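Notes for the one structure printed next.
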Amino acid sequence: MRIKGELFGKEVLDAEIQIVGKVSDVIFDKETFEITDLVMKKSGFSEQLKDSENIVPMELVKVIGDKILLKGEDDI
């Protein structure tokens with residue numbers, strides 16, 4: 001998988017299918033090269049705020065497809 005082309009810029013949706021941001025970077029384990037976290041830039045007005053990035057652990061990701069769907073409370 002090409003990380004930049006496949007993940008960067010993908011919309012991130014919460015469990016209620018609301019857009020909460022876009023992937024701006026990834027964090028990976030240097031030993032295994034597995035992605036451990038997604039860095040998500042918030043969407044909307046909060047995009048313009050300085051601290052508008054969130055770290056999303058891969059454990060909270062339900063599906064990666066055209067968009068990234070996060071797990072809800074029922075999934076955790």
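In the structure tokens, chains take letters A, B, ... by order of appearance, with residues numbered from 1 within each chain and ligands from 1 in the order shown.
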Strand (DSSP E) call set, DSSP backbone run, chain A, as a ChimeraX atom specification:
/A:11-13,19-28,35-42,53-57,61-64,68-70
If you run DSSP over the backbone, which residues in chain A end up alpha helix (DSSP H)? Put them as number ranges by chain.
A: 3-6
Dump of N, CA and C atoms for the selected residues, as a tab-separated table (two decimals), in the first residue's frame:
chain	number	residue	atom	x	y	z
A	3	ILE	N	1.19	4.65	1.21
A	3	ILE	CA	0.53	5.40	2.28
A	3	ILE	C	0.07	6.76	1.80
A	4	LYS	N	0.94	7.51	1.16
A	4	LYS	CA	0.57	8.87	0.76
A	4	LYS	C	-0.62	8.88	-0.18
A	5	GLY	N	-0.58	8.07	-1.20
A	5	GLY	CA	-1.65	8.06	-2.18
A	5	GLY	C	-2.92	7.40	-1.70
A	6	GLU	N	-2.80	6.45	-0.77
A	6	GLU	CA	-3.96	5.69	-0.34
A	6	GLU	C	-4.66	6.26	0.89
As a list in words, please: the residues near region 13-19 of chain A (cut-off 10 Å, only C-alpha atoms, same-chain neighbours under 4 positions excluded).
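After dropping sequence-adjacent residues, the list is Lys42, Ser43, Gly44, Leu60, Val61, Lys62, Val63, Lys67, Ile68, Leu69, Leu70, Lys71, Gly72, Glu73, Asp74 and Asp75 of chain A.
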Include N, CA and C atoms and write out the residues we just selected as a PDB file, in the first residue's frame.
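This went into again-v7.pdb:
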ATOM      1  N   LYS A  42      -8.954  18.215  11.561  1.00  0.00           N
ATOM      2  CA  LYS A  42     -10.394  18.432  11.702  1.00  0.00           C
ATOM      3  C   LYS A  42     -10.959  19.186  10.502  1.00  0.00           C
ATOM      4  N   SER A  43     -12.218  18.945  10.226  1.00  0.00           N
ATOM      5  CA  SER A  43     -12.899  19.603   9.106  1.00  0.00           C
ATOM      6  C   SER A  43     -13.689  20.819   9.584  1.00  0.00           C
ATOM      7  N   GLY A  44     -14.062  21.635   8.638  1.00  0.00           N
ATOM      8  CA  GLY A  44     -14.904  22.785   8.934  1.00  0.00           C
ATOM      9  C   GLY A  44     -14.136  23.940   9.533  1.00  0.00           C
ATOM     10  N   LEU A  60      -9.284   2.195  16.857  1.00  0.00           N
ATOM     11  CA  LEU A  60     -10.586   2.852  16.733  1.00  0.00           C
ATOM     12  C   LEU A  60     -11.105   2.891  15.300  1.00  0.00           C
ATOM     13  N   VAL A  61     -10.306   2.389  14.358  1.00  0.00           N
ATOM     14  CA  VAL A  61     -10.713   2.373  12.954  1.00  0.00           C
ATOM     15  C   VAL A  61     -11.483   1.092  12.679  1.00  0.00           C
ATOM     16  N   LYS A  62     -12.696   1.250  12.142  1.00  0.00           N
ATOM     17  CA  LYS A  62     -13.533   0.088  11.825  1.00  0.00           C
ATOM     18  C   LYS A  62     -13.279  -0.399  10.405  1.00  0.00           C
ATOM     19  N   VAL A  63     -13.284   0.539   9.441  1.00  0.00           N
ATOM     20  CA  VAL A  63     -13.139   0.185   8.033  1.00  0.00           C
ATOM     21  C   VAL A  63     -12.325   1.253   7.317  1.00  0.00           C
ATOM     22  N   LYS A  67     -13.548   5.952   2.266  1.00  0.00           N
ATOM     23  CA  LYS A  67     -13.471   6.816   3.439  1.00  0.00           C
ATOM     24  C   LYS A  67     -13.046   5.941   4.613  1.00  0.00           C
ATOM     25  N   ILE A  68     -12.706   6.565   5.719  1.00  0.00           N
ATOM     26  CA  ILE A  68     -12.312   5.823   6.913  1.00  0.00           C
ATOM     27  C   ILE A  68     -13.427   5.947   7.935  1.00  0.00           C
ATOM     28  N   LEU A  69     -13.973   4.815   8.358  1.00  0.00           N
ATOM     29  CA  LEU A  69     -15.071   4.788   9.324  1.00  0.00           C
ATOM     30  C   LEU A  69     -14.518   4.393  10.685  1.00  0.00           C
ATOM     31  N   LEU A  70     -14.835   5.211  11.698  1.00  0.00           N
ATOM     32  CA  LEU A  70     -14.395   4.921  13.051  1.00  0.00           C
ATOM     33  C   LEU A  70     -15.423   4.073  13.770  1.00  0.00           C
ATOM     34  N   LYS A  71     -14.971   3.319  14.759  1.00  0.00           N
ATOM     35  CA  LYS A  71     -15.854   2.486  15.565  1.00  0.00           C
ATOM     36  C   LYS A  71     -16.716   3.372  16.456  1.00  0.00           C
ATOM     37  N   GLY A  72     -17.922   2.873  16.746  1.00  0.00           N
ATOM     38  CA  GLY A  72     -18.805   3.531  17.694  1.00  0.00           C
ATOM     39  C   GLY A  72     -18.686   2.865  19.045  1.00  0.00           C
ATOM     40  N   GLU A  73     -19.456   3.330  19.999  1.00  0.00           N
ATOM     41  CA  GLU A  73     -19.421   2.754  21.352  1.00  0.00           C
ATOM     42  C   GLU A  73     -19.774   1.271  21.339  1.00  0.00           C
ATOM     43  N   ASP A  74     -20.685   0.869  20.474  1.00  0.00           N
ATOM     44  CA  ASP A  74     -21.101  -0.531  20.392  1.00  0.00           C
ATOM     45  C   ASP A  74     -19.978  -1.431  19.871  1.00  0.00           C
ATOM     46  N   ASP A  75     -19.044  -0.860  19.122  1.00  0.00           N
ATOM     47  CA  ASP A  75     -17.951  -1.632  18.521  1.00  0.00           C
ATOM     48  C   ASP A  75     -16.752  -1.798  19.444  1.00  0.00           C
TER      49      ASP A  75
END
Between A:Asp66, A:Glu59, A:Glu11, A:Glu53, single out the one closest to Ile35 (chain A), counting only C-alpha atoms.
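The answer is A:Glu59, which sits nearest to Ile35 (chain A).
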Best match for closeness to Ile64 (chain A) among A:Met40, A:Gly21, A:Leu7, A:Asp29, counting only C-alpha atoms
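Smallest separation from Ile64 (chain A) among the options: A:Leu7.
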When you look at Val56 (chain A) with a cut-off of 9 Å (counting only C-alpha atoms), what residues show up, excluding the ones that are within fewer than 6 positions of it in the same chain? I need them as a ChimeraX atom specification.
/A:36-40
Which is closest to Gly9 (chain A) among A:Lys22, A:Lys41, A:Gly65, A:Pro57, if we use only C-alpha atoms?
A:Lys22
